[in-house]
Amino acid sequence: MSDRTASEVVESVSTAFERAFGSAPEGVWSAPGRVNLIGEHTDYNGGLCLPIALPQRTFAAVARRDDDRLRMVSAQQNGVSEVALDDISPEQPGGWGAYVAGVLWALRRDGLEVGGLDVVVDSTVPFGAGLSSSAALECAVAAAASDLHDLGLLDSAEGRARLAARCVEAENDIAGAPTGGMDQSASLLCDEAAALLLDCRSGATEQVPFDLAATGHALLVTDTRAEHALNDGQYAVRRDACERAAATLGVETLREIAPADLPASLDRLDSDEERRRVRHVVTEIERVTLAVDALRAGDLEEVGRLFDASHASLRDDYEVSCDELDVATATARAHGALGARMTGGGFGGSCIAIVPADRVKEVAGAVAAAFEEHGYTPPVSFAVVASAPAHRDA
């Protein structure tokens, strides 16, 4: 993980832009990665989730062009990716450039006037860590496009929500990753020192105070560095199972299943797999509500208990954990964490733990030692705070 400051990245990405395109960018925009505190795999089921924006961000140096072409350069990739705006499709430009090009495609499909851009991106969000590096990329470019083309979408919560929806379309339809809307909403709508309670059925959002430092605690993120990919089919398989179960139960989404009605609903399903998936989604949505209540009451012990229950459900009912995530969460708990859970889509990526601030190094060291003992790739652990949404940096 990069430990560069925002000003250092702004300077480096601006310099890279001049080197690539022979002139200075018109500005630099950035958007954060996210950690979801609780509410996993609920977004595409119309449920609730509770993400925070990370200090780690993706930066985009951008300038307008006088034609309808998009040229893209990444500090993390070699070469220039280029495509005409009219030619953007799931096949073109492909690769990482699909996430950038898809944003412009979605904005134009929404009837907004967006022209060609030159874009250079750099990021401090760990790639493949389940911290939504893809949404950070999309939202940084979307923020730039809104400002440079005078769309005004960063000026209100409604505009930011509209921009988030276009970024979701970019990822689903052009990049080909069937994600829900949580990541993009977090990147564009989260506030500092707050978690975003997102109702994925109505689109309503509410800021929930989240300042662990004030209570002498920290949120420790551990990137397990286990292989992580959302477009390898496993995500889509689980989403399909939820949609089939909802159809069998006669509801639009699993959000309509109340916790009290869960046993009867499970009895109506023929597949054990679908029963497990439904049980996770319904109980996870309830855990979000309970976690918000606990945070507002200052009851971190209860939040920790809910973290643990969430991880067990993701491991056993949704089956999206892995050995590295299970070892990291169990080790964190054994060394004083109030609770720990995997975060993100799963099959690798990161876990989070609420730990006393004076034990961050101890817990991180214990997790590293456990990974070494198991022969895993060394993890990367770092404490984070709830940070700012997408904005213009320079």
# chains A, B, ... in the order shown; residues from 1 in each chain; ligands from 1

call {"tool": "residues_around", "arguments": {"residues": "segment 212-227 of chain A", "least_positions_apart": "5", "cutoff": "10 Å", "atoms": "only C-alpha atoms", "output": "mmCIF file with N, CA and C atoms, in the first residue's frame"}}
result
data_model
loop_
_atom_site.group_PDB
_atom_site.id
_atom_site.type_symbol
_atom_site.label_atom_id
_atom_site.label_comp_id
_atom_site.auth_asym_id
_atom_site.auth_seq_id
_atom_site.Cartn_x
_atom_site.Cartn_y
_atom_site.Cartn_z
ATOM 1 N N MET A 1 0.840 -1.195 0.000
ATOM 2 C CA MET A 1 0.000 0.000 0.000
ATOM 3 C C MET A 1 0.873 1.241 0.000
ATOM 4 N N VAL A 35 -14.553 1.030 2.903
ATOM 5 C CA VAL A 35 -14.701 -0.166 3.735
ATOM 6 C C VAL A 35 -16.154 -0.213 4.150
ATOM 7 N N LEU A 37 -18.610 -1.288 6.814
ATOM 8 C CA LEU A 37 -18.584 -1.730 8.204
ATOM 9 C C LEU A 37 -19.432 -2.974 8.401
ATOM 10 N N PRO A 126 -5.375 0.060 -2.355
ATOM 11 C CA PRO A 126 -4.795 -1.240 -2.729
ATOM 12 C C PRO A 126 -5.683 -1.969 -3.722
ATOM 13 N N PHE A 127 -5.091 -2.396 -4.822
ATOM 14 C CA PHE A 127 -5.848 -3.097 -5.863
ATOM 15 C C PHE A 127 -6.090 -4.540 -5.438
ATOM 16 N N GLY A 128 -7.319 -5.022 -5.649
ATOM 17 C CA GLY A 128 -7.625 -6.403 -5.337
ATOM 18 C C GLY A 128 -7.803 -6.690 -3.865
ATOM 19 N N ALA A 129 -7.908 -5.645 -3.046
ATOM 20 C CA ALA A 129 -8.019 -5.832 -1.601
ATOM 21 C C ALA A 129 -9.458 -5.810 -1.113
ATOM 22 N N GLY A 130 -10.412 -5.722 -2.030
ATOM 23 C CA GLY A 130 -11.810 -5.645 -1.618
ATOM 24 C C GLY A 130 -12.182 -4.293 -1.049
ATOM 25 N N LEU A 131 -11.403 -3.253 -1.387
ATOM 26 C CA LEU A 131 -11.641 -1.910 -0.869
ATOM 27 C C LEU A 131 -12.180 -0.985 -1.954
ATOM 28 N N ALA A 193 -15.685 11.364 9.343
ATOM 29 C CA ALA A 193 -16.107 10.979 10.696
ATOM 30 C C ALA A 193 -17.540 10.448 10.734
ATOM 31 N N LEU A 295 -24.074 2.014 17.401
ATOM 32 C CA LEU A 295 -23.150 3.133 17.206
ATOM 33 C C LEU A 295 -23.717 4.418 17.798
ATOM 34 N N GLY A 298 -23.286 4.405 21.387
ATOM 35 C CA GLY A 298 -21.908 4.308 21.860
ATOM 36 C C GLY A 298 -21.542 2.922 22.376
ATOM 37 N N LEU A 300 -19.814 -0.027 21.514
ATOM 38 C CA LEU A 300 -18.905 -0.686 20.585
ATOM 39 C C LEU A 300 -18.813 -2.186 20.826
ATOM 40 N N CYS A 322 -12.565 -17.031 2.986
ATOM 41 C CA CYS A 322 -11.479 -17.920 2.580
ATOM 42 C C CYS A 322 -10.602 -18.141 3.813
ATOM 43 N N ASP A 323 -9.650 -19.056 3.721
ATOM 44 C CA ASP A 323 -8.833 -19.393 4.887
ATOM 45 C C ASP A 323 -8.108 -18.178 5.443
ATOM 46 N N GLU A 324 -7.562 -17.343 4.544
ATOM 47 C CA GLU A 324 -6.810 -16.179 5.013
ATOM 48 C C GLU A 324 -7.706 -15.219 5.798
ATOM 49 N N LEU A 325 -8.921 -14.978 5.299
ATOM 50 C CA LEU A 325 -9.848 -14.092 6.015
ATOM 51 C C LEU A 325 -10.246 -14.680 7.361
ATOM 52 N N VAL A 327 -8.497 -16.784 9.249
ATOM 53 C CA VAL A 327 -7.356 -16.702 10.167
ATOM 54 C C VAL A 327 -7.166 -15.272 10.664
ATOM 55 N N ALA A 328 -7.282 -14.300 9.766
ATOM 56 C CA ALA A 328 -7.075 -12.896 10.161
ATOM 57 C C ALA A 328 -8.115 -12.455 11.185
ATOM 58 N N THR A 329 -9.390 -12.784 10.950
ATOM 59 C CA THR A 329 -10.428 -12.339 11.876
ATOM 60 C C THR A 329 -10.305 -13.045 13.222
ATOM 61 N N ALA A 332 -7.311 -11.596 15.153
ATOM 62 C CA ALA A 332 -7.599 -10.259 15.682
ATOM 63 C C ALA A 332 -8.440 -10.355 16.950
ATOM 64 N N ALA A 337 -9.349 -7.626 19.737
ATOM 65 C CA ALA A 337 -10.345 -6.923 18.927
ATOM 66 C C ALA A 337 -11.733 -7.123 19.520
ATOM 67 N N LEU A 338 -12.557 -6.070 19.478
ATOM 68 C CA LEU A 338 -13.939 -6.188 19.931
ATOM 69 C C LEU A 338 -14.759 -7.034 18.973
ATOM 70 N N ALA A 340 -14.436 -8.691 14.516
ATOM 71 C CA ALA A 340 -13.723 -8.669 13.236
ATOM 72 C C ALA A 340 -14.559 -9.392 12.191
ATOM 73 N N ARG A 341 -14.457 -8.921 10.958
ATOM 74 C CA ARG A 341 -15.216 -9.535 9.864
ATOM 75 C C ARG A 341 -14.528 -9.253 8.539
ATOM 76 N N MET A 342 -14.782 -10.129 7.576
ATOM 77 C CA MET A 342 -14.373 -9.815 6.211
ATOM 78 C C MET A 342 -15.213 -8.644 5.703
ATOM 79 N N THR A 343 -14.675 -7.917 4.742
ATOM 80 C CA THR A 343 -15.407 -6.808 4.141
ATOM 81 C C THR A 343 -15.243 -6.890 2.638
ATOM 82 N N GLY A 346 -15.579 -10.651 -1.039
ATOM 83 C CA GLY A 346 -15.110 -11.917 -0.518
ATOM 84 C C GLY A 346 -14.178 -12.641 -1.470
ATOM 85 N N PHE A 347 -13.958 -13.924 -1.204
ATOM 86 C CA PHE A 347 -13.020 -14.762 -1.972
ATOM 87 C C PHE A 347 -11.612 -14.177 -1.929
ATOM 88 N N GLY A 348 -11.254 -13.580 -0.814
ATOM 89 C CA GLY A 348 -10.007 -12.846 -0.693
ATOM 90 C C GLY A 348 -10.309 -11.430 -0.257
ATOM 91 N N GLY A 349 -9.359 -10.540 -0.450
ATOM 92 C CA GLY A 349 -9.581 -9.148 -0.078
ATOM 93 C C GLY A 349 -9.211 -8.883 1.360
ATOM 94 N N SER A 350 -10.005 -8.068 2.038
ATOM 95 C CA SER A 350 -9.625 -7.539 3.341
ATOM 96 C C SER A 350 -10.615 -7.912 4.443
ATOM 97 N N CYS A 351 -10.120 -7.793 5.673
ATOM 98 C CA CYS A 351 -10.991 -7.869 6.840
ATOM 99 C C CYS A 351 -10.796 -6.614 7.669
ATOM 100 N N ILE A 352 -11.751 -6.336 8.544
ATOM 101 C CA ILE A 352 -11.682 -5.177 9.429
ATOM 102 C C ILE A 352 -11.891 -5.639 10.866
ATOM 103 N N ALA A 353 -11.320 -4.894 11.784
ATOM 104 C CA ALA A 353 -11.456 -5.209 13.209
ATOM 105 C C ALA A 353 -11.491 -3.913 13.998
ATOM 106 N N ILE A 354 -12.346 -3.856 15.002
ATOM 107 C CA ILE A 354 -12.342 -2.739 15.947
ATOM 108 C C ILE A 354 -11.405 -3.115 17.087
ATOM 109 N N VAL A 355 -10.348 -2.341 17.258
ATOM 110 C CA VAL A 355 -9.336 -2.670 18.267
ATOM 111 C C VAL A 355 -9.040 -1.443 19.125
ATOM 112 N N PRO A 356 -8.639 -1.643 20.384
ATOM 113 C CA PRO A 356 -8.159 -0.512 21.173
ATOM 114 C C PRO A 356 -6.996 0.161 20.456
ATOM 115 N N ALA A 357 -6.974 1.474 20.456
ATOM 116 C CA ALA A 357 -5.963 2.198 19.690
ATOM 117 C C ALA A 357 -4.543 1.836 20.112
ATOM 118 N N ASP A 358 -4.357 1.528 21.395
ATOM 119 C CA ASP A 358 -3.010 1.209 21.859
ATOM 120 C C ASP A 358 -2.602 -0.235 21.569
ATOM 121 N N ARG A 359 -3.467 -0.990 20.881
ATOM 122 C CA ARG A 359 -3.135 -2.377 20.553
ATOM 123 C C ARG A 359 -3.105 -2.631 19.049
ATOM 124 N N VAL A 360 -3.130 -1.563 18.258
ATOM 125 C CA VAL A 360 -3.141 -1.714 16.803
ATOM 126 C C VAL A 360 -1.912 -2.484 16.329
ATOM 127 N N LYS A 361 -0.732 -2.077 16.793
ATOM 128 C CA LYS A 361 0.495 -2.759 16.347
ATOM 129 C C LYS A 361 0.526 -4.203 16.816
ATOM 130 N N VAL A 363 -2.057 -6.238 17.393
ATOM 131 C CA VAL A 363 -2.986 -7.050 16.611
ATOM 132 C C VAL A 363 -2.436 -7.269 15.199
ATOM 133 N N ALA A 364 -1.938 -6.204 14.583
ATOM 134 C CA ALA A 364 -1.377 -6.335 13.229
ATOM 135 C C ALA A 364 -0.211 -7.314 13.224
ATOM 136 N N VAL A 367 -1.499 -10.944 13.511
ATOM 137 C CA VAL A 367 -2.052 -11.431 12.248
ATOM 138 C C VAL A 367 -0.919 -11.801 11.286
ATOM 139 N N ALA A 368 0.098 -10.939 11.217
ATOM 140 C CA ALA A 368 1.239 -11.231 10.348
ATOM 141 C C ALA A 368 1.920 -12.530 10.761
ATOM 142 N N PHE A 371 -0.157 -15.513 9.702
ATOM 143 C CA PHE A 371 -0.036 -15.769 8.263
ATOM 144 C C PHE A 371 1.274 -16.477 7.950
ATOM 145 N N TYR A 376 1.031 -18.290 4.370
ATOM 146 C CA TYR A 376 0.315 -17.381 3.481
ATOM 147 C C TYR A 376 1.218 -16.220 3.060
ATOM 148 N N THR A 377 0.834 -15.559 1.995
ATOM 149 C CA THR A 377 1.497 -14.321 1.605
ATOM 150 C C THR A 377 1.381 -13.314 2.747
ATOM 151 N N PRO A 378 2.452 -12.583 3.087
ATOM 152 C CA PRO A 378 2.371 -11.622 4.189
ATOM 153 C C PRO A 378 1.253 -10.596 3.964
ATOM 154 N N PRO A 379 0.424 -10.345 4.968
ATOM 155 C CA PRO A 379 -0.663 -9.376 4.824
ATOM 156 C C PRO A 379 -0.147 -7.950 5.020
ATOM 157 N N VAL A 380 -1.006 -6.994 4.712
ATOM 158 C CA VAL A 380 -0.712 -5.583 4.959
ATOM 159 C C VAL A 380 -1.842 -5.023 5.814
ATOM 160 N N SER A 381 -1.510 -4.531 7.008
ATOM 161 C CA SER A 381 -2.521 -3.993 7.926
ATOM 162 C C SER A 381 -2.305 -2.502 8.120
ATOM 163 N N PHE A 382 -3.399 -1.760 8.237
ATOM 164 C CA PHE A 382 -3.310 -0.317 8.441
ATOM 165 C C PHE A 382 -4.607 0.176 9.074
ATOM 166 N N ALA A 383 -4.485 1.145 9.951
ATOM 167 C CA ALA A 383 -5.649 1.752 10.593
ATOM 168 C C ALA A 383 -6.207 2.841 9.693
ATOM 169 N N VAL A 384 -7.526 2.981 9.678
ATOM 170 C CA VAL A 384 -8.175 3.977 8.829
ATOM 171 C C VAL A 384 -9.185 4.779 9.636
ATOM 172 N N VAL A 385 -9.520 5.945 9.111
ATOM 173 C CA VAL A 385 -10.588 6.773 9.676
ATOM 174 C C VAL A 385 -11.587 7.070 8.567
ATOM 175 N N ALA A 386 -12.805 7.376 8.936
ATOM 176 C CA ALA A 386 -13.835 7.738 7.966
ATOM 177 C C ALA A 386 -13.470 9.072 7.319
#

call {"tool": "select_by_dssp", "arguments": {"residues": "segment 116-307 of chain A", "states": "helix (DSSP H, G or I)", "output": "number ranges by chain"}}
result
A: 133-148, 157-174, 182-189, 212-215, 234-249, 254-256, 259-267, 272-297, 300-307

call {"tool": "residues_around", "arguments": {"residues": "Leu314 of chain A", "least_positions_apart": "2", "cutoff": "9 Å", "atoms": "only C-alpha atoms", "output": "PyMOL selection string"}}
result
chain A and resi 40-41+280+284+309-312+316-321+341-342+346

call {"tool": "write_last_selection", "arguments": {"atoms": "all heavy atoms", "output": "compact mmCIF listing (two decimals), in the first residue's frame"}}
result
# COMPACT_ATOMS: atom_id res chain seq x y z
N GLU A 40 -23.10 -6.86 4.05
CA GLU A 40 -22.38 -7.38 2.88
C GLU A 40 -23.29 -8.21 2.01
O GLU A 40 -24.06 -9.04 2.51
CB GLU A 40 -21.20 -8.23 3.36
CG GLU A 40 -19.94 -8.03 2.56
CD GLU A 40 -19.39 -6.63 2.71
OE1 GLU A 40 -18.79 -6.34 3.76
OE2 GLU A 40 -19.55 -5.83 1.77
N HIS A 41 -23.21 -7.99 0.70
CA HIS A 41 -24.04 -8.67 -0.29
C HIS A 41 -25.53 -8.38 -0.05
O HIS A 41 -26.40 -9.19 -0.38
CB HIS A 41 -23.78 -10.18 -0.29
CG HIS A 41 -22.45 -10.54 -0.88
ND1 HIS A 41 -22.23 -10.63 -2.23
CD2 HIS A 41 -21.25 -10.78 -0.28
CE1 HIS A 41 -20.97 -10.95 -2.44
NE2 HIS A 41 -20.35 -11.04 -1.28
N HIS A 280 -28.53 -15.56 5.09
CA HIS A 280 -27.50 -14.54 5.27
C HIS A 280 -28.06 -13.15 4.99
O HIS A 280 -27.86 -12.21 5.79
CB HIS A 280 -26.29 -14.77 4.36
CG HIS A 280 -25.43 -13.54 4.29
ND1 HIS A 280 -24.64 -13.13 5.34
CD2 HIS A 280 -25.30 -12.58 3.33
CE1 HIS A 280 -24.05 -12.00 5.03
NE2 HIS A 280 -24.43 -11.64 3.81
N GLU A 284 -28.36 -10.33 7.74
CA GLU A 284 -27.35 -9.27 7.59
C GLU A 284 -28.01 -7.90 7.53
O GLU A 284 -27.49 -6.93 8.10
CB GLU A 284 -26.52 -9.52 6.33
CG GLU A 284 -25.38 -8.54 6.12
CD GLU A 284 -24.14 -8.81 6.97
OE1 GLU A 284 -24.22 -9.64 7.90
OE2 GLU A 284 -23.11 -8.19 6.72
N ALA A 309 -20.77 -11.91 14.15
CA ALA A 309 -21.91 -12.65 13.60
C ALA A 309 -21.99 -12.49 12.08
O ALA A 309 -22.33 -13.44 11.36
CB ALA A 309 -23.21 -12.15 14.25
N SER A 310 -21.66 -11.30 11.59
CA SER A 310 -21.65 -11.07 10.15
C SER A 310 -20.62 -11.95 9.47
O SER A 310 -20.89 -12.57 8.43
CB SER A 310 -21.36 -9.59 9.86
OG SER A 310 -21.22 -9.36 8.48
N HIS A 311 -19.43 -12.03 10.05
CA HIS A 311 -18.39 -12.85 9.42
C HIS A 311 -18.81 -14.32 9.40
O HIS A 311 -18.62 -15.02 8.38
CB HIS A 311 -17.05 -12.71 10.14
CG HIS A 311 -15.97 -13.47 9.44
ND1 HIS A 311 -15.35 -12.99 8.32
CD2 HIS A 311 -15.44 -14.70 9.68
CE1 HIS A 311 -14.47 -13.88 7.88
NE2 HIS A 311 -14.50 -14.93 8.70
N ALA A 312 -19.37 -14.81 10.49
CA ALA A 312 -19.80 -16.21 10.53
C ALA A 312 -20.85 -16.49 9.46
O ALA A 312 -20.82 -17.54 8.80
CB ALA A 312 -20.35 -16.55 11.92
N ASP A 316 -20.30 -19.13 6.50
CA ASP A 316 -21.05 -20.38 6.52
C ASP A 316 -22.27 -20.39 5.61
O ASP A 316 -22.54 -21.40 4.95
CB ASP A 316 -21.50 -20.69 7.96
CG ASP A 316 -20.33 -20.81 8.92
OD1 ASP A 316 -19.21 -21.12 8.46
OD2 ASP A 316 -20.54 -20.57 10.12
N ASP A 317 -23.01 -19.28 5.56
CA ASP A 317 -24.24 -19.24 4.76
C ASP A 317 -24.00 -18.70 3.35
O ASP A 317 -24.57 -19.20 2.39
CB ASP A 317 -25.31 -18.41 5.46
CG ASP A 317 -26.04 -19.20 6.54
OD1 ASP A 317 -25.95 -20.44 6.53
OD2 ASP A 317 -26.70 -18.57 7.39
N TYR A 318 -23.18 -17.65 3.23
CA TYR A 318 -22.95 -17.09 1.90
C TYR A 318 -21.73 -17.68 1.23
O TYR A 318 -21.56 -17.57 0.03
CB TYR A 318 -22.86 -15.56 1.97
CG TYR A 318 -23.65 -14.89 0.87
CD1 TYR A 318 -25.02 -14.99 0.83
CD2 TYR A 318 -23.01 -14.18 -0.14
CE1 TYR A 318 -25.76 -14.39 -0.18
CE2 TYR A 318 -23.72 -13.58 -1.16
CZ TYR A 318 -25.10 -13.69 -1.18
OH TYR A 318 -25.82 -13.11 -2.20
N GLU A 319 -20.85 -18.28 2.03
CA GLU A 319 -19.68 -19.00 1.53
C GLU A 319 -18.81 -18.14 0.62
O GLU A 319 -18.44 -18.53 -0.48
CB GLU A 319 -20.12 -20.28 0.82
CG GLU A 319 -20.84 -21.26 1.74
CD GLU A 319 -21.30 -22.51 1.04
OE1 GLU A 319 -22.29 -22.42 0.26
OE2 GLU A 319 -20.69 -23.56 1.26
N VAL A 320 -18.45 -16.95 1.13
CA VAL A 320 -17.58 -16.06 0.37
C VAL A 320 -16.30 -15.71 1.12
O VAL A 320 -15.52 -14.87 0.67
CB VAL A 320 -18.31 -14.74 -0.03
CG1 VAL A 320 -19.40 -15.02 -1.04
CG2 VAL A 320 -18.88 -14.04 1.20
N SER A 321 -16.07 -16.36 2.25
CA SER A 321 -14.82 -16.13 2.96
C SER A 321 -13.74 -17.05 2.37
O SER A 321 -13.96 -17.74 1.38
CB SER A 321 -15.00 -16.38 4.46
OG SER A 321 -13.85 -15.97 5.18
N ARG A 341 -14.46 -8.92 10.96
CA ARG A 341 -15.22 -9.53 9.86
C ARG A 341 -14.53 -9.25 8.54
O ARG A 341 -13.77 -8.29 8.41
CB ARG A 341 -16.65 -9.00 9.81
CG ARG A 341 -16.73 -7.50 9.54
CD ARG A 341 -18.16 -6.98 9.52
NE ARG A 341 -18.92 -7.50 8.39
CZ ARG A 341 -18.91 -6.93 7.18
NH1 ARG A 341 -18.17 -5.86 6.94
NH2 ARG A 341 -19.62 -7.45 6.22
N MET A 342 -14.78 -10.13 7.58
CA MET A 342 -14.37 -9.82 6.21
C MET A 342 -15.21 -8.64 5.70
O MET A 342 -16.32 -8.40 6.18
CB MET A 342 -14.53 -11.02 5.30
CG MET A 342 -15.95 -11.57 5.20
SD MET A 342 -16.28 -12.47 3.67
CE MET A 342 -16.56 -11.10 2.53
N GLY A 346 -15.58 -10.65 -1.04
CA GLY A 346 -15.11 -11.92 -0.52
C GLY A 346 -14.18 -12.64 -1.47
O GLY A 346 -13.64 -12.05 -2.41

call {"tool": "select_by_dssp", "arguments": {"residues": "segment 18-55 of chain A", "states": "strand (DSSP E or B)", "output": "mmCIF file with N, CA, C and O atoms, in the first residue's frame"}}
result
data_model
loop_
_atom_site.group_PDB
_atom_site.id
_atom_site.type_symbol
_atom_site.label_atom_id
_atom_site.label_comp_id
_atom_site.auth_asym_id
_atom_site.auth_seq_id
_atom_site.Cartn_x
_atom_site.Cartn_y
_atom_site.Cartn_z
ATOM 1 N N GLY A 27 -7.185 20.073 -14.157
ATOM 2 C CA GLY A 27 -7.396 19.889 -12.726
ATOM 3 C C GLY A 27 -7.130 18.450 -12.335
ATOM 4 O O GLY A 27 -6.893 17.587 -13.180
ATOM 5 N N VAL A 28 -7.165 18.212 -11.017
ATOM 6 C CA VAL A 28 -7.016 16.865 -10.475
ATOM 7 C C VAL A 28 -8.173 16.612 -9.522
ATOM 8 O O VAL A 28 -8.467 17.438 -8.651
ATOM 9 N N TRP A 29 -8.833 15.488 -9.706
ATOM 10 C CA TRP A 29 -9.953 15.079 -8.854
ATOM 11 C C TRP A 29 -9.607 13.750 -8.195
ATOM 12 O O TRP A 29 -8.808 12.970 -8.724
ATOM 13 N N SER A 30 -10.205 13.477 -7.053
ATOM 14 C CA SER A 30 -9.952 12.195 -6.403
ATOM 15 C C SER A 30 -11.233 11.660 -5.782
ATOM 16 O O SER A 30 -12.169 12.405 -5.488
ATOM 17 N N ALA A 31 -11.244 10.348 -5.592
ATOM 18 C CA ALA A 31 -12.371 9.677 -4.943
ATOM 19 C C ALA A 31 -11.813 8.547 -4.090
ATOM 20 O O ALA A 31 -10.817 7.920 -4.442
ATOM 21 N N PRO A 32 -12.467 8.280 -2.950
ATOM 22 C CA PRO A 32 -11.930 7.289 -2.018
ATOM 23 C C PRO A 32 -12.364 5.867 -2.321
ATOM 24 O O PRO A 32 -13.422 5.618 -2.903
ATOM 25 N N GLY A 33 -11.541 4.925 -1.880
ATOM 26 C CA GLY A 33 -12.013 3.568 -1.718
ATOM 27 C C GLY A 33 -12.955 3.515 -0.532
ATOM 28 O O GLY A 33 -13.210 4.525 0.132
ATOM 29 N N ARG A 34 -13.471 2.338 -0.237
ATOM 30 C CA ARG A 34 -14.409 2.243 0.876
ATOM 31 C C ARG A 34 -14.180 0.956 1.663
ATOM 32 O O ARG A 34 -13.685 -0.040 1.152
ATOM 33 N N VAL A 35 -14.553 1.030 2.903
ATOM 34 C CA VAL A 35 -14.701 -0.166 3.735
ATOM 35 C C VAL A 35 -16.154 -0.213 4.150
ATOM 36 O O VAL A 35 -16.716 0.799 4.588
ATOM 37 N N ASN A 36 -16.764 -1.363 3.970
ATOM 38 C CA ASN A 36 -18.135 -1.522 4.444
ATOM 39 C C ASN A 36 -18.088 -2.059 5.870
ATOM 40 O O ASN A 36 -17.574 -3.157 6.106
ATOM 41 N N LEU A 48 -29.768 -2.930 3.295
ATOM 42 C CA LEU A 48 -29.067 -1.831 3.953
ATOM 43 C C LEU A 48 -27.582 -2.161 4.031
ATOM 44 O O LEU A 48 -27.203 -3.326 4.154
ATOM 45 N N CYS A 49 -26.746 -1.130 3.972
ATOM 46 C CA CYS A 49 -25.323 -1.309 4.208
ATOM 47 C C CYS A 49 -24.775 -0.056 4.871
ATOM 48 O O CYS A 49 -25.451 0.982 4.942
ATOM 49 N N PRO A 51 -21.185 1.701 4.775
ATOM 50 C CA PRO A 51 -19.781 1.913 4.437
ATOM 51 C C PRO A 51 -19.223 3.223 4.985
ATOM 52 O O PRO A 51 -19.971 4.140 5.342
ATOM 53 N N ILE A 52 -17.891 3.301 5.028
ATOM 54 C CA ILE A 52 -17.180 4.555 5.241
ATOM 55 C C ILE A 52 -16.233 4.756 4.066
ATOM 56 O O ILE A 52 -15.813 3.807 3.405
ATOM 57 N N ALA A 53 -15.898 6.023 3.801
ATOM 58 C CA ALA A 53 -14.881 6.346 2.802
ATOM 59 C C ALA A 53 -13.504 6.243 3.445
ATOM 60 O O ALA A 53 -13.308 6.643 4.597
ATOM 61 N N LEU A 54 -12.551 5.715 2.696
ATOM 62 C CA LEU A 54 -11.191 5.533 3.195
ATOM 63 C C LEU A 54 -10.322 6.758 2.925
ATOM 64 O O LEU A 54 -10.590 7.535 2.002
ATOM 65 N N PRO A 55 -9.238 6.898 3.681
ATOM 66 C CA PRO A 55 -8.254 7.928 3.333
ATOM 67 C C PRO A 55 -7.559 7.619 2.009
ATOM 68 O O PRO A 55 -7.100 8.532 1.318
#

call {"tool": "atom_distance", "arguments": {"atom1": "atom CA of Gly159 of chain A", "atom2": "atom CA of Arg69 of chain A"}}
result
25.2 Å

call {"tool": "closest_residue", "arguments": {"among": "A:Val125, A:Leu70, A:Ala20, A:Ile174", "to": "Gly94 of chain A", "atoms": "only C-alpha atoms"}}
result
A:Ile174

call {"tool": "atom_distance", "arguments": {"atom1": "atom CA of Val119 of chain A", "atom2": "atom CA of Ser133 of chain A"}}
result
16.6 Å

call {"tool": "residues_around", "arguments": {"residues": "segment 60-65 of chain A", "least_positions_apart": "3", "cutoff": "7 Å", "atoms": "only C-alpha atoms", "output": "list in words"}}
result
Val13, Ser14, Phe17, Pro25, Glu26, Gly27, Val28, Trp29, Ser30, Gly116, Leu117, Asp118, Val119, Val120, Val121, Asp122, Ala140, Val141 and Ala144 of chain A

call {"tool": "atom_distance", "arguments": {"atom1": "atom CA of Glu302 of chain A", "atom2": "atom CA of Asp326 of chain A"}}
result
20.4 Å

call {"tool": "closest_residue", "arguments": {"among": "A:Ser146, A:Thr15, A:Thr248, A:Gln56", "to": "Ser387 of chain A", "atoms": "only C-alpha atoms"}}
result
A:Gln56

call {"tool": "residues_around", "arguments": {"residues": "segment 83-92 of chain A", "least_positions_apart": "2", "cutoff": "12 Å", "atoms": "only C-alpha atoms", "output": "number ranges by chain"}}
result
A: 65, 67-72, 80-81, 94-109, 113-118, 169-177

call {"tool": "closest_residue", "arguments": {"among": "A:Ser313, A:Thr205, A:Ser265, A:Thr58", "to": "Met182 of chain A", "atoms": "only C-alpha atoms"}}
result
A:Thr205

call {"tool": "closest_residue", "arguments": {"among": "A:Gly39, A:Glu158, A:Ser123, A:Ala164", "to": "Ala142 of chain A", "atoms": "only C-alpha atoms"}}
result
A:Ala164

call {"tool": "closest_residue", "arguments": {"among": "A:Asp308, A:Asp183, A:Glu256, A:Asp110", "to": "Val281 of chain A", "atoms": "only C-alpha atoms"}}
result
A:Glu256

call {"tool": "closest_residue", "arguments": {"among": "A:Gly46, A:Pro209, A:Gly375, A:Gly344", "to": "Asp191 of chain A", "atoms": "only C-alpha atoms"}}
result
A:Pro209

call {"tool": "residues_around", "arguments": {"residues": "Glu206 of chain A", "least_positions_apart": "2", "cutoff": "10 Å", "atoms": "only C-alpha atoms", "output": "list in words"}}
result
Leu50, Leu189, Cys190, Ala194, Ala195, Leu196, Leu197, Leu198, Asp199, Ala204, Val208 and Pro209 of chain A
